Amino acid sequence: MTSLNIVGGGRLGKSVARLAHDSGRYRIGALLCRSQASALVARDFVGAGVALTTLADLPAADITLLAVPDGEIAAVAAELSAARVIAAGSVVCHASGVGEAALLAPLAAQGVHCASLHPAFSFADPARAVDGFAGTRCALEGDAAALPLLQRLAADIGGVPFVLAPGGKAAYHAALSIASNYLVTLHDLASRVAAQAGMTDDIAAAVLGGLMRQTLDNTLALGPAAALTGPIARGDAGTVARHRAVLSTQDDALYCALGQATARLAVDRLSEAQRHVLQMVLGAAEEK
Ligand SMILES: NC(=O)c1ccc[n+]([C@@H]2O[C@H](COP(=O)([O-])OP(=O)(O)OC[C@H]3O[C@@H](n4cnc5c(N)ncnc54)[C@H](OP(=O)(O)O)[C@@H]3O)[C@@H](O)[C@H]2O)c1
């Protein structure tokens, strides 16, 4: 049985602890929060472990997961190192998407195997998270000696682990943010422009929702270049100009920036003349 401590029994911490406990392969040692009330809530949710608030009281464990907010990770690692409660040869990981294992440097200097384990999943509500976690990709990065235990932990809680190259966390997290957050931003932009056309919210949601789902399926199945359709892929600069004429200055700037990237994606399908005209039509956002 592998022993697991959780420092930070919030949304991610208590979800991972519960999944690990339910797998029957982990003994949950401590669930540590800043407040005793949070630690007790976490312990009740997990159904195992001791509720703690003092890092120096942590019991020994094979793995200690720091599931505290990103801005707290380095300070908690420094405090754990000063308290000398983590044994050399054991594993400590944090769950930040963008932070590297290097955030845990004071512990690594004491012979602790340090890494990061980031599930690409939204733990908005722990009860729902536990039900929906299966199949989640989990990015691992850090000390090679920590990886086998963390790969097993990720798999035991229902995830699918993969290892990131050193130095890859910022680009990894940027990619996730673009795929998730900017998709929402594009939906918002399209909805606002649809409202300009006098479409009701219901109609706009149905039309844009259907098209966005179909396009997402296409690009995931075919790849971006093959999935691209529309005026830019056809080299239809006249349509692009008509779009631009109805957009606000702010929306137009975004339309042109994305349009230029779209034209680069379509480059193999455009003639030299089409490329040139599109460049002229899309390149003049600042002159509007
Ligand atoms: N939530 C997600 O969807 C998600 C997804 C992937 C990765 N992550 C990563 O997971 C980590 C935790 O995020 P979260 O959303 O689970 O945070 P959260 O819900 O805000 O929970 C944070 C927990 O950390 C405790 N805490 C805060 N500062 C502490 C300190 N100095 N010492 C001990 N405990 C401390 C808090 O205790 P109190 O309640 O007593 O304040 C709370 O239990 C972050 O690195 C985040 O980037 C989160």
# chains A, B, ... in the order shown; residues from 1 in each chain; ligands from 1
call {"tool": "select_by_dssp", "arguments": {"residues": "region 20-145 of chain A", "states": "alpha helix (DSSP H)", "output": "number ranges by chain"}}
result
A: 20-23, 36-46, 70-83, 105-108, 126-132
call {"tool": "residues_around", "arguments": {"residues": "region 161-173 of chain A", "least_positions_apart": "2", "cutoff": "8 Å", "atoms": "only C-alpha atoms", "output": "MDAnalysis selection string"}}
result
chainID A and resid 97:100 137:142 151 154:155 159 175:177
call {"tool": "write_last_selection", "arguments": {"atoms": "C-alpha atoms", "output": "mmCIF file, in the first residue's frame"}}
result
data_model
loop_
_atom_site.group_PDB
_atom_site.id
_atom_site.type_symbol
_atom_site.label_atom_id
_atom_site.label_comp_id
_atom_site.auth_asym_id
_atom_site.auth_seq_id
_atom_site.Cartn_x
_atom_site.Cartn_y
_atom_site.Cartn_z
ATOM 1 C CA GLY A 97 -0.083 23.521 -14.804
ATOM 2 C CA VAL A 98 2.571 26.137 -15.538
ATOM 3 C CA GLY A 99 5.058 25.727 -12.660
ATOM 4 C CA GLU A 100 8.013 23.379 -12.978
ATOM 5 C CA ARG A 137 -4.516 13.102 -19.342
ATOM 6 C CA CYS A 138 -2.000 13.870 -16.561
ATOM 7 C CA ALA A 139 1.233 15.718 -17.428
ATOM 8 C CA LEU A 140 4.286 14.683 -15.427
ATOM 9 C CA GLU A 141 7.563 16.569 -15.292
ATOM 10 C CA GLY A 142 10.567 16.543 -12.986
ATOM 11 C CA GLN A 151 2.756 7.441 -13.283
ATOM 12 C CA ALA A 154 -2.082 8.954 -12.118
ATOM 13 C CA ALA A 155 -3.155 5.598 -13.577
ATOM 14 C CA GLY A 159 -5.891 9.131 -15.394
ATOM 15 C CA ALA A 175 -1.492 25.373 -25.315
ATOM 16 C CA LEU A 176 -4.175 24.263 -22.859
ATOM 17 C CA SER A 177 -5.224 27.844 -22.161
#
call {"tool": "residues_near_ligand", "arguments": {"ligand": "ligand 1", "cutoff": "8 Å", "atoms": "only C-alpha atoms and all ligand atoms", "output": "number ranges by chain"}}
result
A: 7-14, 32-39, 42, 53-55, 66-73, 75-76, 94-98, 118-124
call {"tool": "closest_atom_pairs", "arguments": {"of": "region 114-225 of chain A", "to": "region 17-25 of chain A", "cutoff": "10 Å", "atoms": "only C-alpha atoms", "output": "JSON lines"}}
result
{"residue": "A:Pro126", "atom": "CA", "partner": "A:Arg18", "partner_atom": "CA", "distance": 9.1}
{"residue": "A:Ala127", "atom": "CA", "partner": "A:Arg18", "partner_atom": "CA", "distance": 9.5}
{"residue": "A:Ala129", "atom": "CA", "partner": "A:Leu19", "partner_atom": "CA", "distance": 9.6}
{"residue": "A:Val130", "atom": "CA", "partner": "A:Leu19", "partner_atom": "CA", "distance": 6.5}
{"residue": "A:Asp131", "atom": "CA", "partner": "A:Leu19", "partner_atom": "CA", "distance": 9.3}
{"residue": "A:Phe133", "atom": "CA", "partner": "A:Leu19", "partner_atom": "CA", "distance": 8.8}
{"residue": "A:Ala134", "atom": "CA", "partner": "A:Leu19", "partner_atom": "CA", "distance": 9.8}
{"residue": "A:Leu153", "atom": "CA", "partner": "A:Ala20", "partner_atom": "CA", "distance": 7.4}
{"residue": "A:Ala154", "atom": "CA", "partner": "A:Ala20", "partner_atom": "CA", "distance": 9.0}
{"residue": "A:Ala155", "atom": "CA", "partner": "A:Ala20", "partner_atom": "CA", "distance": 9.8}
{"residue": "A:Asp156", "atom": "CA", "partner": "A:Ser23", "partner_atom": "CA", "distance": 6.4}
{"residue": "A:Ile157", "atom": "CA", "partner": "A:Leu19", "partner_atom": "CA", "distance": 5.1}
{"residue": "A:Gly158", "atom": "CA", "partner": "A:Leu19", "partner_atom": "CA", "distance": 7.9}
call {"tool": "write_last_selection", "arguments": {"atoms": "N, CA, C and O atoms", "output": "mmCIF file, in the first residue's frame"}}
result
data_model
loop_
_atom_site.group_PDB
_atom_site.id
_atom_site.type_symbol
_atom_site.label_atom_id
_atom_site.label_comp_id
_atom_site.auth_asym_id
_atom_site.auth_seq_id
_atom_site.Cartn_x
_atom_site.Cartn_y
_atom_site.Cartn_z
ATOM 1 N N PRO A 126 -15.740 18.922 -6.510
ATOM 2 C CA PRO A 126 -15.071 17.640 -6.251
ATOM 3 C C PRO A 126 -15.956 16.410 -6.464
ATOM 4 O O PRO A 126 -15.493 15.403 -7.007
ATOM 5 N N ALA A 127 -17.238 16.474 -6.080
ATOM 6 C CA ALA A 127 -18.094 15.283 -6.238
ATOM 7 C C ALA A 127 -18.249 14.941 -7.726
ATOM 8 O O ALA A 127 -18.158 13.773 -8.125
ATOM 9 N N ALA A 129 -16.146 15.916 -10.034
ATOM 10 C CA ALA A 129 -14.800 15.623 -10.540
ATOM 11 C C ALA A 129 -14.476 14.140 -10.365
ATOM 12 O O ALA A 129 -13.949 13.493 -11.276
ATOM 13 N N VAL A 130 -14.807 13.621 -9.196
ATOM 14 C CA VAL A 130 -14.507 12.219 -8.915
ATOM 15 C C VAL A 130 -15.247 11.313 -9.913
ATOM 16 O O VAL A 130 -14.690 10.344 -10.431
ATOM 17 N N ASP A 131 -16.488 11.657 -10.218
ATOM 18 C CA ASP A 131 -17.276 10.844 -11.159
ATOM 19 C C ASP A 131 -16.761 10.946 -12.594
ATOM 20 O O ASP A 131 -16.868 9.993 -13.364
ATOM 21 N N PHE A 133 -13.562 11.900 -13.718
ATOM 22 C CA PHE A 133 -12.113 12.014 -13.925
ATOM 23 C C PHE A 133 -11.535 10.958 -14.874
ATOM 24 O O PHE A 133 -10.518 11.200 -15.540
ATOM 25 N N ALA A 134 -12.164 9.811 -14.972
ATOM 26 C CA ALA A 134 -11.570 8.683 -15.729
ATOM 27 C C ALA A 134 -11.152 9.117 -17.130
ATOM 28 O O ALA A 134 -11.896 9.784 -17.839
ATOM 29 N N LEU A 153 0.407 6.505 -9.691
ATOM 30 C CA LEU A 153 -0.666 7.246 -9.009
ATOM 31 C C LEU A 153 -1.681 7.773 -10.030
ATOM 32 O O LEU A 153 -2.897 7.610 -9.859
ATOM 33 N N ALA A 154 -1.175 8.392 -11.103
ATOM 34 C CA ALA A 154 -2.082 8.954 -12.118
ATOM 35 C C ALA A 154 -2.968 7.854 -12.703
ATOM 36 O O ALA A 154 -4.187 8.039 -12.866
ATOM 37 N N ALA A 155 -2.370 6.704 -12.993
ATOM 38 C CA ALA A 155 -3.155 5.598 -13.577
ATOM 39 C C ALA A 155 -4.132 5.021 -12.550
ATOM 40 O O ALA A 155 -5.282 4.717 -12.883
ATOM 41 N N ASP A 156 -3.692 4.905 -11.297
ATOM 42 C CA ASP A 156 -4.560 4.320 -10.258
ATOM 43 C C ASP A 156 -5.804 5.169 -9.993
ATOM 44 O O ASP A 156 -6.837 4.650 -9.569
ATOM 45 N N ILE A 157 -5.688 6.497 -10.208
ATOM 46 C CA ILE A 157 -6.878 7.339 -9.975
ATOM 47 C C ILE A 157 -7.723 7.451 -11.250
ATOM 48 O O ILE A 157 -8.697 8.198 -11.279
ATOM 49 N N GLY A 158 -7.332 6.729 -12.289
ATOM 50 C CA GLY A 158 -8.141 6.700 -13.519
ATOM 51 C C GLY A 158 -7.607 7.574 -14.632
ATOM 52 O O GLY A 158 -8.203 7.662 -15.701
#
call {"tool": "residues_around", "arguments": {"residues": "His276 (chain A)", "least_positions_apart": "3", "cutoff": "12 Å", "atoms": "only C-alpha atoms", "output": "PyMOL selection string"}}
result
chain A and resi 232+235-237+260+263-264+267+270-273+279-283
call {"tool": "residues_around", "arguments": {"residues": "Asp62 (chain A)", "least_positions_apart": "3", "cutoff": "8 Å", "atoms": "only C-alpha atoms", "output": "list of chain:residue names"}}
result
A:Thr2, A:Ser3, A:Leu4, A:Ser90, A:Val91
call {"tool": "select_by_dssp", "arguments": {"residues": "region 12-245 of chain A", "states": "strand (DSSP E)", "output": "PyMOL selection string"}}
result
chain A and resi 26-32+50-52+63-66+91-94+113-119+137-142+160-163
call {"tool": "closest_residue", "arguments": {"among": "A:Arg192, A:Arg43, A:His187, A:Arg128", "to": "Asn5 (chain A)", "atoms": "only C-alpha atoms"}}
result
A:Arg43
call {"tool": "residues_around", "arguments": {"residues": "region 238-244 of chain A", "least_positions_apart": "4", "cutoff": "9 Å", "atoms": "only C-alpha atoms", "output": "ChimeraX atom specification"}}
result
/A:231-232,248,251-252,255-256,259,278,281-282,285
call {"tool": "atom_distance", "arguments": {"atom1": "CA of Asp202 (chain A)", "atom2": "CA of Gly230 (chain A)"}}
result
23.9 Å
call {"tool": "residues_around", "arguments": {"residues": "Ala194 (chain A)", "least_positions_apart": "4", "cutoff": "12 Å", "atoms": "only C-alpha atoms", "output": "number ranges by chain"}}
result
A: 187-190, 198-208, 243, 246-247
call {"tool": "closest_residue", "arguments": {"among": "A:Leu65, A:Leu52, A:Val16, A:Leu228", "to": "Ala146 (chain A)", "atoms": "only C-alpha atoms"}}
result
A:Leu65
